[in-house]
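Novice: Structure in structure tokens, see below.
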Amino acid sequence: MNPVAIITGASRGIGRGIALELARVGYDLIINYAGNHPAAEQTADQCRRAASESGKAVRAELCQADISRQADRHRLIDFTRQTFGRLDLLVNNAGVAPNIRADILEASEESFDRLIAINVKGPYFLTQLAARWMVEQIAARENAPDGYRPKIVTVSSISAYTASINRGDYCVSKAALAMLTPLFAARLAAHGINVYEIRPGIIATDMTAGVKEKYDRLIGEGLTPIPRWGQPGDVGKAVVAIAQDLLPFSTGEIINVDGGFHLKRL
Ligand code: NAP
């Protein structure tokens, strides 16, 4: 039986990159998305193909759910239960940038509330639901151990500690999200559930398409020690290392996938 992962926001960008890498190592997938059904279908097709090219057979099922909504989060978990009956990995990837990059002296409360709901409340309470089910699954397997070691990964951002004054709401939401991992890592370690944060830098997706020229220039000027854009697959490979239990004695860790952006240099 294949292990099972839920990836939120897997229709495009980093979520798709994570789904593809997990498919290659034989994970069955729940491809969650907010509204872009055709893109989610494309992710699922690409995952089945990528798996088969790696000699694996995987299932990739779609589940539309807005993670900021309580009823949708329950539906996402219920759908996974009904479809696969198990959960080995939750990847909290879905997140949004403000619709308008506005100076913090002007930016609206509506934008702030939207980002907190999607980027913080959604993953926080989805993690709560997934963790309860994982703990249940561990208890149910106690008499028949089969190597079940579920994990939780949350995709935050370098914006958790980098001030961008034209998207303060995004920075605040990612800084708040960064507390999710220490909390759940501390709570779940005794159950054998490891919890990680992945902190991407500048990654080529729809989210950064509008600022491509600016970032091209900054990267050209040496912003990142590794002088290139990150790709969704770079994040996907870090998730695979976690999924394959290559960090068994580490929990609550931050894995920077940022080309060295976080290094202080002189
Ligand atoms: P993206 O290309 O804009 O894709 C966003 C994904 O999230 C889509 O699949 C979208 O679904 C989904 N989504 C949006 N709102 C949702 C909601 N309420 N419920 C469920 N799914 C929702 O973004 P990305 O660049 O891949 O970013 C993915 C994550 O990485 C985000 O958390 C982002 O903050 C973080 N990140 C990105 C970068 C970067 O440089 N790109 C850097 C650091 C961190 P639909 O397709 O249905 O709209």
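All residue names refer to the structure tokens as shown: chains lettered A, B, ... in order, residues numbered from 1 in each chain, ligands numbered from 1 in order.
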Throw together the list of residues within 8 Å of ligand 1, counting only C-alpha atoms and all ligand atoms, and drop it here as an MDAnalysis selection string.
Specialist: chainID A and resid 8:16 32:37 39:40 64:69 92:97 118:119 122 155:159 170 174 199:208 230 232
Novice: Quick one: DSSP strand (DSSP E) residues in range 29-230 of chain A, as number ranges by chain?
Specialist: A: 29-33, 60-64, 89-92, 151-155, 194-200
Novice: Measuring between only C-alpha atoms, which one of A:Ser173, A:Arg187, A:Gly259, A:Asp72 shows the shortest distance to Gln231 in chain A?
Specialist: A:Gly259
Novice: Quick one: DSSP alpha helix (DSSP H) residues in range 104-210 of chain A, as a ChimeraX atom specification?
Specialist: /A:109-116,122-140,168-177,180-188,206-209
